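Source file data-v8.txt; content: compact mmCIF, C-alpha atoms.
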```txt
# COMPACT_ATOMS: atom_id res chain seq x y z
CA MET A 23 125.65 71.08 101.98
CA GLU A 24 127.28 73.96 100.10
CA ARG A 25 130.57 73.05 98.49
CA ASN A 26 131.47 76.57 97.62
CA PRO A 27 133.25 78.08 100.63
CA MET A 28 131.65 81.48 100.10
CA ARG A 29 128.22 79.97 100.08
CA ARG A 30 129.11 78.08 103.24
CA GLN A 31 130.21 81.29 104.85
CA LEU A 32 126.98 83.01 103.82
CA ALA A 33 124.90 80.17 105.18
CA SER A 34 126.85 80.25 108.42
CA MET A 35 126.42 84.02 108.74
CA ARG A 36 122.73 83.65 108.15
CA LYS A 37 122.39 80.89 110.71
CA SER A 38 124.14 82.87 113.39
CA LEU A 39 121.89 85.89 112.80
CA PHE A 40 118.98 83.67 113.75
CA ASP A 41 120.74 81.69 116.47
CA GLN A 42 121.93 84.85 118.19
CA GLY A 43 118.46 86.34 118.11
CA TYR A 44 119.10 89.23 115.75
CA LEU A 45 116.46 88.02 113.32
CA ASP A 46 113.20 86.17 113.66
CA GLU A 47 110.88 84.21 111.31
CA GLN A 48 109.64 87.35 109.62
CA PHE A 49 113.02 87.61 107.88
CA MET A 50 112.47 84.09 106.55
CA GLU A 51 109.08 85.22 105.28
CA LEU A 52 110.85 87.89 103.25
CA GLU A 53 113.29 85.32 101.90
CA GLN A 54 110.31 83.32 100.67
CA LEU A 55 109.60 86.16 98.29
CA LEU A 56 112.96 85.91 96.56
CA ASP A 57 112.75 84.64 93.02
CA ASP A 58 114.24 85.29 89.62
CA ALA A 59 112.01 88.30 89.13
CA ASN A 60 112.94 89.70 92.56
CA PRO A 61 116.40 88.41 93.39
CA ASN A 62 117.16 91.31 95.73
CA PHE A 63 113.84 91.67 97.48
CA VAL A 64 115.17 91.16 101.00
CA GLU A 65 118.02 93.59 100.57
CA GLU A 66 115.63 96.14 99.05
CA VAL A 67 113.22 95.94 101.95
CA VAL A 68 116.05 96.13 104.49
CA THR A 69 117.48 99.16 102.70
CA LEU A 70 114.06 100.78 102.78
CA TYR A 71 113.85 100.00 106.47
CA TYR A 72 117.14 101.71 107.30
CA ARG A 73 116.25 104.73 105.23
CA ASP A 74 112.76 105.03 106.66
CA SER A 75 113.77 104.39 110.26
CA ALA A 76 116.71 106.83 110.21
CA ARG A 77 114.15 109.60 110.15
CA LEU A 78 112.27 108.09 113.09
CA ILE A 79 115.45 107.68 115.13
CA LEU A 80 116.24 111.35 114.55
CA ASN A 81 112.77 112.40 115.63
CA LEU A 82 112.96 110.21 118.69
CA ASP A 83 116.32 111.70 119.63
CA ARG A 84 114.85 115.19 119.35
CA ALA A 85 111.73 114.29 121.27
CA LEU A 86 113.83 112.82 124.07
CA GLU A 87 115.62 116.13 124.51
CA ARG A 88 112.44 118.00 125.33
CA ARG A 89 111.47 118.65 128.91
CA PRO A 90 109.07 117.46 130.04
CA LEU A 91 108.92 114.39 127.84
CA ASP A 92 105.86 114.00 125.67
CA PHE A 93 105.22 110.29 126.23
CA SER A 94 102.33 110.19 123.84
CA LYS A 95 104.43 111.55 121.02
CA LEU A 96 107.31 109.24 121.90
CA ASP A 97 104.99 106.26 121.91
CA GLY A 98 103.56 107.25 118.55
CA LEU A 99 107.01 107.47 117.00
CA MET A 100 108.04 104.17 118.52
CA HIS A 101 104.85 102.52 117.28
CA GLN A 102 105.95 103.35 113.74
CA PHE A 103 109.50 102.27 114.38
CA LYS A 104 108.42 99.00 115.92
CA GLY A 105 106.14 98.33 112.97
CA SER A 106 108.99 98.71 110.51
CA SER A 107 111.41 96.71 112.61
CA SER A 108 109.05 93.82 113.01
CA SER A 109 108.31 93.87 109.27
CA ILE A 110 111.88 92.87 108.53
CA GLY A 111 112.22 90.51 111.48
CA ALA A 112 114.61 92.66 113.51
CA LYS A 113 114.10 90.72 116.73
CA LYS A 114 116.30 92.51 119.26
CA VAL A 115 115.39 95.94 117.94
CA LYS A 116 111.73 95.03 118.16
CA ALA A 117 112.17 93.87 121.78
CA GLU A 118 113.74 97.19 122.74
CA SER A 119 110.89 99.03 120.99
CA THR A 120 108.36 97.09 123.02
CA LEU A 121 110.20 97.88 126.23
CA PHE A 122 110.39 101.55 125.29
CA ARG A 123 106.63 101.65 124.76
CA GLU A 124 106.08 100.08 128.17
CA TYR A 125 108.13 102.87 129.72
CA CYS A 126 106.13 105.43 127.77
CA LYS A 127 102.90 103.98 129.08
CA SER A 128 104.14 104.16 132.66
CA GLY A 129 105.68 107.60 132.16
CA ASN A 130 109.15 106.40 133.06
CA ALA A 131 111.54 108.95 131.57
CA GLU A 132 114.72 107.27 132.69
CA GLY A 133 113.54 103.93 131.40
CA CYS A 134 112.76 105.48 128.02
CA MET A 135 116.13 107.11 127.68
CA ARG A 136 118.07 104.07 128.80
CA THR A 137 116.12 101.77 126.51
CA PHE A 138 116.53 104.08 123.55
CA GLN A 139 120.31 104.01 123.93
CA GLN A 140 120.23 100.24 123.96
CA LEU A 141 117.88 100.22 120.97
CA LYS A 142 120.24 102.37 118.94
CA LYS A 143 123.08 99.98 119.72
CA GLU A 144 121.09 96.97 118.55
CA TYR A 145 119.91 98.85 115.48
CA ALA A 146 123.50 99.74 114.51
CA THR A 147 124.81 96.24 115.20
CA LEU A 148 122.14 94.65 113.05
CA ARG A 149 122.76 97.12 110.26
CA LYS A 150 126.45 96.27 110.17
CA LYS A 151 125.78 92.53 110.20
CA LEU A 152 123.21 92.77 107.43
CA GLU A 153 125.46 94.98 105.31
CA THR A 154 128.21 92.38 105.54
CA TYR A 155 125.73 89.63 104.79
CA PHE A 156 124.30 91.28 101.68
CA GLN A 157 127.76 92.26 100.45
CA LEU A 158 128.83 88.64 100.53
CA ALA A 159 125.56 87.55 98.93
CA ARG A 160 126.08 89.98 96.06
CA GLN A 161 129.58 88.67 95.54
CA ILE A 162 128.33 85.14 95.27
CA GLY A 163 125.60 85.98 92.78
CA PRO A 164 121.84 85.43 92.80
CA MET A 165 120.60 84.99 96.37
CA GLU A 166 119.79 81.49 97.39
CA SER A 167 118.41 80.42 100.65
CA ALA A 168 117.47 77.01 101.96
CA ASN A 169 113.81 78.02 102.08
CA ARG A 170 113.57 79.40 98.62
CA PRO A 171 111.01 77.53 96.53
CA LYS A 172 112.28 76.08 93.28
CA MET B 14 96.72 105.56 124.82
CA LEU B 15 94.16 103.11 126.01
CA GLU B 16 95.20 100.33 128.31
CA GLY B 17 94.42 96.77 127.38
CA LYS B 18 92.25 96.31 130.40
CA GLN B 19 88.62 95.86 131.08
CA ASN B 20 87.15 95.26 134.49
CA GLY B 21 90.64 95.05 135.90
CA GLN B 22 91.59 92.14 133.69
CA VAL B 23 94.57 92.29 131.40
CA PHE B 24 93.88 90.46 128.17
CA LYS B 25 96.21 87.78 127.03
CA LEU B 26 96.55 88.08 123.29
CA PRO B 27 95.85 84.82 121.56
CA LYS B 28 98.54 83.89 119.08
CA VAL B 29 96.20 84.02 116.15
CA ILE B 30 95.60 86.55 113.51
CA LEU B 31 91.98 87.04 114.23
CA LEU B 32 90.06 89.64 116.11
CA ALA B 33 88.41 87.77 118.88
CA THR B 34 85.26 88.33 120.69
CA ASN B 35 82.72 86.22 122.38
CA ILE B 36 79.83 87.55 120.41
CA THR B 37 76.59 85.95 119.46
CA ASN B 38 75.34 85.35 115.98
CA VAL B 39 73.02 88.32 116.30
CA GLU B 40 75.90 90.61 117.23
CA LEU B 41 77.98 89.05 114.51
CA GLU B 42 75.36 89.87 111.93
CA LYS B 43 75.19 93.38 113.33
CA ALA B 44 78.95 93.74 113.00
CA LYS B 45 78.90 92.47 109.46
CA ALA B 46 75.95 94.66 108.62
CA ALA B 47 77.86 97.57 110.12
CA GLY B 48 80.55 96.88 107.56
CA PHE B 49 83.28 95.62 109.78
CA ALA B 50 86.34 94.14 108.16
CA ASP B 51 85.95 90.70 106.68
CA THR B 52 88.98 89.40 108.44
CA VAL B 53 91.78 90.68 110.61
CA ILE B 54 95.45 90.02 110.06
CA MET B 55 98.22 90.49 112.57
CA LYS B 56 101.10 92.68 111.59
CA PRO B 57 103.70 92.15 110.44
CA MET B 58 102.01 90.23 107.73
CA ARG B 59 103.63 86.89 107.10
CA ALA B 60 104.36 86.82 103.40
CA SER B 61 103.15 83.26 103.15
CA MET B 62 99.82 84.25 104.69
CA ALA B 63 98.92 87.11 102.39
CA ALA B 64 97.83 85.00 99.45
CA ALA B 65 96.06 82.47 101.67
CA CYS B 66 94.03 85.17 103.43
CA LEU B 67 93.15 86.78 100.16
CA GLN B 68 92.12 83.49 98.70
CA GLN B 69 89.84 82.84 101.64
CA VAL B 70 88.03 86.15 101.64
CA LEU B 71 87.58 85.91 97.90
CA GLY B 72 86.02 82.54 98.46
CA ILE B 73 88.36 80.79 96.10
CA GLY B 74 88.66 77.09 96.78
CA LYS B 75 87.62 75.32 99.93
CA LYS B 76 90.82 75.73 101.93
CA ARG B 77 90.10 76.62 105.52
CA GLN B 78 93.56 76.66 106.93
CA ALA B 79 95.26 79.99 107.02
CA GLY B 80 98.64 80.04 108.68
CA LYS B 81 100.19 77.23 106.74
CA ASN B 82 102.90 77.91 104.24
CA MET B 83 100.94 78.20 101.05
CA LEU B 84 103.93 78.52 98.81
CA ASN B 85 104.29 74.79 98.34
CA GLY B 86 100.90 74.76 96.65
CA SER B 87 101.62 78.11 95.12
CA MET B 88 101.22 77.10 91.51
CA ALA B 89 97.53 76.43 91.96
CA LEU B 90 97.03 79.51 94.08
CA GLN B 91 98.89 81.66 91.60
CA GLY B 92 96.47 80.79 88.86
CA LEU B 93 93.52 81.67 91.07
CA LEU B 94 94.79 85.05 92.24
CA CYS B 95 96.39 86.15 89.01
CA GLY B 96 94.96 89.43 87.81
CA LYS B 97 93.14 90.29 91.02
CA LYS B 98 93.37 93.96 91.93
CA ILE B 99 94.24 94.80 95.50
CA LEU B 100 94.58 98.08 97.34
CA VAL B 101 97.01 98.12 100.27
CA VAL B 102 96.52 100.97 102.71
CA ASP B 103 99.26 101.27 105.31
CA ASP B 104 101.13 104.29 106.65
CA ASN B 105 104.20 102.15 107.31
CA MET B 106 106.26 102.10 104.12
CA VAL B 107 108.26 99.05 105.04
CA HIS B 108 105.21 96.97 105.87
CA GLN B 109 103.45 98.21 102.75
CA ARG B 110 106.39 96.96 100.73
CA VAL B 111 106.25 93.55 102.34
CA VAL B 112 102.52 93.14 101.73
CA ALA B 113 102.84 94.33 98.13
CA GLY B 114 105.77 91.97 97.55
CA ALA B 115 103.85 89.03 98.98
CA LEU B 116 100.87 89.67 96.74
CA LYS B 117 102.83 90.44 93.59
CA LYS B 118 104.41 87.03 93.85
CA PHE B 119 100.99 85.66 92.94
CA GLU B 120 100.67 88.10 90.06
CA VAL B 121 98.16 90.21 91.90
CA ALA B 122 97.96 93.80 90.69
CA VAL B 123 98.75 95.89 93.75
CA GLU B 124 98.11 99.57 94.41
CA CYS B 125 99.41 101.16 97.59
CA ARG B 126 98.37 104.21 99.49
CA GLU B 127 99.75 105.64 102.72
CA SER B 128 96.60 106.92 104.30
CA GLY B 129 92.87 106.45 104.48
CA LYS B 130 92.39 109.85 102.84
CA ALA B 131 94.64 108.96 99.90
CA ALA B 132 92.87 105.63 99.53
CA LEU B 133 89.44 107.22 99.42
CA LYS B 134 90.56 109.64 96.71
CA LEU B 135 91.46 106.61 94.63
CA LEU B 136 88.04 105.16 95.21
CA GLN B 137 86.02 107.74 93.39
CA ARG B 138 84.34 105.85 90.60
CA PRO B 139 85.30 104.18 88.47
CA TYR B 140 87.34 101.80 90.51
CA CYS B 141 87.67 98.10 90.57
CA PHE B 142 89.31 96.33 93.46
CA ASP B 143 88.85 92.77 94.54
CA ALA B 144 89.94 93.42 98.11
CA PHE B 145 91.56 95.92 100.42
CA PHE B 146 94.35 95.28 102.87
CA MET B 147 93.80 98.03 105.40
CA ASP B 148 95.99 99.02 108.32
CA ILE B 149 93.73 99.76 111.26
CA GLN B 150 95.94 102.04 113.32
CA MET B 151 96.82 104.97 111.12
CA PRO B 152 96.99 108.61 112.20
CA GLU B 153 94.38 111.05 110.88
CA MET B 154 91.99 108.42 109.59
CA ASN B 155 92.13 104.92 110.98
CA GLY B 156 91.12 101.84 109.03
CA PHE B 157 87.59 101.70 110.42
CA GLU B 158 86.93 105.32 109.52
CA ALA B 159 88.14 104.61 106.00
CA THR B 160 85.93 101.54 105.76
CA HIS B 161 82.78 103.48 106.40
CA PRO B 162 82.67 105.52 103.17
CA ILE B 163 83.53 102.40 101.20
CA ARG B 164 80.56 100.56 102.65
CA MET B 165 78.34 103.58 102.08
CA MET B 166 79.29 103.60 98.41
CA GLU B 167 78.55 99.92 98.14
CA SER B 168 75.28 100.30 99.92
CA LYS B 169 74.23 103.07 97.57
CA ALA B 170 75.18 101.00 94.54
CA ASN B 171 73.28 98.03 95.92
CA LYS B 172 70.17 100.12 96.37
CA GLN B 173 70.47 101.35 92.80
CA MET B 174 70.78 97.81 91.55
CA ASN B 175 67.81 97.03 93.68
CA GLY B 176 68.47 93.32 93.71
CA GLY B 177 68.51 93.23 89.96
CA MET B 178 71.09 91.83 87.61
CA ASP B 179 74.47 93.35 87.22
CA LYS B 180 74.87 93.90 83.51
CA ASP B 181 78.61 93.25 83.45
CA SER B 182 78.81 89.97 85.27
CA GLY B 183 75.25 88.95 84.66
CA ARG B 184 75.00 88.14 88.33
CA LYS B 185 72.57 89.10 90.96
CA GLY B 186 74.11 90.17 94.13
CA GLU B 187 75.45 92.64 96.58
CA TRP B 188 78.63 94.57 96.25
CA HIS B 189 80.89 93.89 99.17
CA VAL B 190 84.60 94.32 98.67
CA PRO B 191 86.41 92.22 101.27
CA ILE B 192 88.47 94.31 103.62
CA LEU B 193 91.34 92.60 105.38
CA ALA B 194 92.21 94.66 108.40
CA MET B 195 95.85 94.59 109.49
CA THR B 196 96.89 95.33 113.02
CA ALA B 197 99.88 94.82 115.28
CA ASP B 198 97.71 95.25 118.27
CA VAL B 199 94.46 93.36 118.54
CA ILE B 200 93.38 95.01 121.75
CA HIS B 201 93.68 98.54 120.47
CA ALA B 202 92.07 97.44 117.26
CA THR B 203 89.10 96.24 119.27
CA TYR B 204 88.80 99.57 121.05
CA ASP B 205 89.09 101.40 117.74
CA ALA B 206 86.33 99.20 116.39
CA LEU B 207 84.17 99.99 119.39
CA ASN B 208 84.76 103.70 119.12
CA ALA B 209 83.95 103.65 115.45
CA GLY B 210 80.68 101.99 116.43
CA TRP B 211 81.39 98.81 114.56
CA MET B 212 81.07 96.23 117.25
CA ASP B 213 79.61 95.66 120.61
CA VAL B 214 82.13 93.83 122.73
CA SER B 215 81.33 93.22 126.33
CA LYS B 216 83.09 90.02 127.20
CA PRO B 217 86.65 88.84 127.34
CA PHE B 218 88.16 87.01 124.41
CA GLU B 219 87.76 83.30 124.01
CA GLU B 220 90.05 81.58 121.65
CA ALA B 221 87.71 78.71 120.80
CA LYS B 222 84.88 81.06 119.95
CA LEU B 223 87.27 83.07 117.86
CA TYR B 224 87.62 80.56 115.08
CA GLN B 225 83.90 80.05 114.94
CA VAL B 226 83.19 83.75 114.71
CA VAL B 227 85.76 84.50 112.09
CA ALA B 228 85.03 81.41 110.05
CA GLU B 229 81.62 82.95 109.57
CA PHE B 230 83.23 86.10 108.25
CA PHE B 231 84.70 84.14 105.38
CA LYS B 232 82.14 84.34 102.70
CA SER B 233 82.38 83.82 99.05
CA THR B 234 82.19 87.11 97.28
CA ARG B 235 81.79 87.94 93.67
CA SER B 236 84.21 89.98 91.73
CA ASN B 237 83.73 93.56 92.79
CA CYS B 238 83.74 96.14 90.10
CA PHE B 239 82.29 99.58 90.33
CA THR B 240 82.07 101.33 87.01
```
Go ahead and render the structure in this file as structure tokens.
Amino acid sequence: MERNPMRRQLASMRKSLFDQGYLDEQFMELEQLLDDANPNFVEEVVTLYYRDSARLILNLDRALERRPLDFSKLDGLMHQFKGSSSSIGAKKVKAESTLFREYCKSGNAEGCMRTFQQLKKEYATLRKKLETYFQLARQIGPMESANRPK
Amino acid sequence: MLEGKQNGQVFKLPKVILLATNITNVELEKAKAAGFADTVIMKPMRASMAAACLQQVLGIGKKRQAGKNMLNGSMALQGLLCGKKILVVDDNMVHQRVVAGALKKFEVAVECRESGKAALKLLQRPYCFDAFFMDIQMPEMNGFEATHPIRMMESKANKQMNGGMDKDSGRKGEWHVPILAMTADVIHATYDALNAGWMDVSKPFEEAKLYQVVAEFFKSTRSNCFT
């Protein structure tokens, strides 16, 4: 049980990210890699994710403006995006990616566009939550998680 | 894009990391002889799995169980993997980072490349890798296509050695760098494998057979150094 109120807050934030389905076990896998040599590994990978995926989001937006839609291209872009999202354990974002790909496969333009809007919402929400989380973590000092090996 | 269907059946993906097929020993030998990957890993790679998988294909220790959190026994594993040289080939930068991070934790020396082409450039002699982690579904050149030249190089070197002693290690043997194929999509990976001529799959997956087949893939290998 953390005595320090900030640590308690961090732990609580972390727990709710999992409980509310924003993150899955893959995020915990990343936390396993935290150690003294790599105290910021998770934040680094997440930062890389948001940088890398920003480009994909832009390309997807552009591709969705074309008429007719190139479902093969859209699916290819989303394959990449889904890969990155699942690598950091972004559960809701990953679910929307999967749905998007289903719509691509069935050639459902409306489904694609609707799902992409939802995906962008989830993506932005997660980003904000993680930013807050890492900010607090940095304030506290070296990252500690319940799963971290001693 | 290919559909995950054959004969009107939609495959249910087993929740395991292995490429499944109900193949016979003869076909298995053919697949291995054809140079298919030594094992298949589901993406995203679980950090705790990376070292365990590597340990198994390198034939270190007698542990059979992949999928358990290896980090509790990590001290022992660290010693065993320390200094191994691994090449990670993945066009997804985020996933590449995760795999590299997982391996570096065990003091493995990791090189990364974003494409099959870039990887093959690195593999002009001399090179010295103990294993490759290879993404299967990459644009331009997929993992199977990248595997082929690697196996050709090994085959050539083996012929030159002609079953004789390797002067560096003093060992007799065949060069065979373990390739761990990574895929988010086992079904498409299977079709890629088929199209690349690596395997001959004609039956639906069977989970029980799966373990048996892949357990046979795990072979002890010697250190693999081309100079």
Residue hits in chain A, query chain B, radius 8 Å, all atoms listed in the file, as a ChimeraX atom specification: /A:48,51-52,54-55,67,70-71,74,94,102,105-106,108-110,127,171
Separation of atom CA of Glu120 of chain B from atom CA of Asp57 of chain A in Å: 12.9 Å
Shell around Gly43 of chain A at 9 Å using only C-alpha atoms, local window under 5 positions removed, as an MDAnalysis selection string: chainID A and resid 38 112:114
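Across the structure, atom CA of Glu124 of chain B and atom CA of Leu100 of chain B are spaced 4.8 Å apart.
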For Ser75 of chain A, the nearest of the candidates A:Arg136, A:Arg36, A:Lys142, A:Arg160, counting all atoms listed in the file: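 The closest residue to Ser75 of chain A is A:Lys142.
Atom CA of Val68 of chain A is positioned 14.7 Å from atom CA of Glu47 of chain A.
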Near-Leu96 of chain A list (12 Å; all atoms listed in the file; drop same-chain fewer than 5 positions) as a short mmCIF file (atom, residue, chain, number, x, y, z; two decimals) with C-alpha atoms, in the frame of the given file:
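After the write, result.cif holds the following:
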```
data_model
loop_
_atom_site.label_atom_id
_atom_site.label_comp_id
_atom_site.auth_asym_id
_atom_site.auth_seq_id
_atom_site.Cartn_x
_atom_site.Cartn_y
_atom_site.Cartn_z
CA LEU A 78 112.27 108.09 113.09
CA ILE A 79 115.45 107.68 115.13
CA LEU A 80 116.24 111.35 114.55
CA ASN A 81 112.77 112.40 115.63
CA LEU A 82 112.96 110.21 118.69
CA ASP A 83 116.32 111.70 119.63
CA ARG A 84 114.85 115.19 119.35
CA ALA A 85 111.73 114.29 121.27
CA LEU A 86 113.83 112.82 124.07
CA GLU A 87 115.62 116.13 124.51
CA ARG A 88 112.44 118.00 125.33
CA PRO A 90 109.07 117.46 130.04
CA LEU A 91 108.92 114.39 127.84
CA HIS A 101 104.85 102.52 117.28
CA GLN A 102 105.95 103.35 113.74
CA PHE A 103 109.50 102.27 114.38
CA LYS A 104 108.42 99.00 115.92
CA SER A 119 110.89 99.03 120.99
CA PHE A 122 110.39 101.55 125.29
CA ARG A 123 106.63 101.65 124.76
CA GLU A 124 106.08 100.08 128.17
CA TYR A 125 108.13 102.87 129.72
CA CYS A 126 106.13 105.43 127.77
CA LYS A 127 102.90 103.98 129.08
CA GLY A 129 105.68 107.60 132.16
CA ASN A 130 109.15 106.40 133.06
CA ALA A 131 111.54 108.95 131.57
CA CYS A 134 112.76 105.48 128.02
CA MET A 135 116.13 107.11 127.68
CA PHE A 138 116.53 104.08 123.55
CA MET B 14 96.72 105.56 124.82
#
```
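Checking A:Asp97, A:Asp41, A:Asp58, A:Glu65 one by one against Gln157 of chain A, counting all atoms listed in the file, you find the shortest gap at A:Glu65.
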Centre and edges of the segment 52-67 of chain B box, axis-aligned, 6 Å extra per side, as AutoDock Vina command-line options:
```
--center_x 96.7 --center_y 87.6 --center_z 106.0 --size_x 27.4 --size_y 22.2 --size_z 25.1
```
Where atoms are missing, can you supply N, CA and C atoms for segment 144-168 of chain A and output the lot as a short mmCIF file (atom, residue, chain, number, x, y, z; two decimals), in the coordinates of the input?
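That gives us rebuild-v3.cif:
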```
data_model
loop_
_atom_site.label_atom_id
_atom_site.label_comp_id
_atom_site.auth_asym_id
_atom_site.auth_seq_id
_atom_site.Cartn_x
_atom_site.Cartn_y
_atom_site.Cartn_z
N GLU A 144 121.55 98.18 119.25
CA GLU A 144 121.09 96.97 118.55
C GLU A 144 120.84 97.27 117.08
N TYR A 145 120.24 98.39 116.84
CA TYR A 145 119.91 98.85 115.48
C TYR A 145 121.19 98.95 114.64
N ALA A 146 122.23 99.56 115.23
CA ALA A 146 123.50 99.74 114.51
C ALA A 146 124.21 98.40 114.30
N THR A 147 124.17 97.56 115.31
CA THR A 147 124.81 96.24 115.20
C THR A 147 124.18 95.43 114.09
N LEU A 148 122.86 95.42 114.07
CA LEU A 148 122.14 94.65 113.05
C LEU A 148 122.45 95.18 111.66
N ARG A 149 122.50 96.50 111.56
CA ARG A 149 122.76 97.12 110.26
C ARG A 149 124.10 96.64 109.72
N LYS A 150 125.10 96.68 110.58
CA LYS A 150 126.45 96.27 110.17
C LYS A 150 126.46 94.80 109.71
N LYS A 151 125.81 93.96 110.52
CA LYS A 151 125.78 92.53 110.20
C LYS A 151 125.07 92.28 108.87
N LEU A 152 123.96 92.97 108.66
CA LEU A 152 123.21 92.77 107.43
C LEU A 152 123.97 93.31 106.23
N GLU A 153 124.65 94.41 106.41
CA GLU A 153 125.46 94.98 105.31
C GLU A 153 126.51 93.97 104.87
N THR A 154 127.18 93.38 105.84
CA THR A 154 128.21 92.38 105.54
C THR A 154 127.59 91.19 104.83
N TYR A 155 126.44 90.78 105.35
CA TYR A 155 125.73 89.63 104.79
C TYR A 155 125.35 89.86 103.33
N PHE A 156 124.75 91.00 103.05
CA PHE A 156 124.30 91.28 101.68
C PHE A 156 125.48 91.49 100.74
N GLN A 157 126.54 92.06 101.26
CA GLN A 157 127.76 92.26 100.45
C GLN A 157 128.28 90.93 99.96
N LEU A 158 128.37 89.99 100.88
CA LEU A 158 128.83 88.64 100.53
C LEU A 158 127.87 87.99 99.54
N ALA A 159 126.59 88.15 99.80
CA ALA A 159 125.56 87.55 98.93
C ALA A 159 125.70 88.08 97.50
N ARG A 160 125.95 89.38 97.40
CA ARG A 160 126.08 89.98 96.06
C ARG A 160 127.32 89.45 95.35
N GLN A 161 128.36 89.22 96.13
CA GLN A 161 129.58 88.67 95.54
C GLN A 161 129.35 87.29 94.96
N ILE A 162 128.58 86.51 95.69
CA ILE A 162 128.33 85.14 95.27
C ILE A 162 127.46 85.09 94.02
N GLY A 163 126.50 85.99 93.93
CA GLY A 163 125.60 85.98 92.78
C GLY A 163 124.17 85.95 93.25
N PRO A 164 123.25 85.42 92.43
CA PRO A 164 121.84 85.43 92.80
C PRO A 164 121.64 84.80 94.17
N MET A 165 120.83 85.44 94.99
CA MET A 165 120.60 84.99 96.37
C MET A 165 119.93 83.63 96.38
N GLU A 166 120.46 82.77 97.19
CA GLU A 166 119.79 81.49 97.39
C GLU A 166 119.65 81.23 98.87
N SER A 167 118.52 80.80 99.26
CA SER A 167 118.41 80.42 100.65
C SER A 167 117.78 79.04 100.72
N ALA A 168 117.97 78.38 101.80
CA ALA A 168 117.47 77.01 101.96
C ALA A 168 115.96 76.95 101.78
#
```
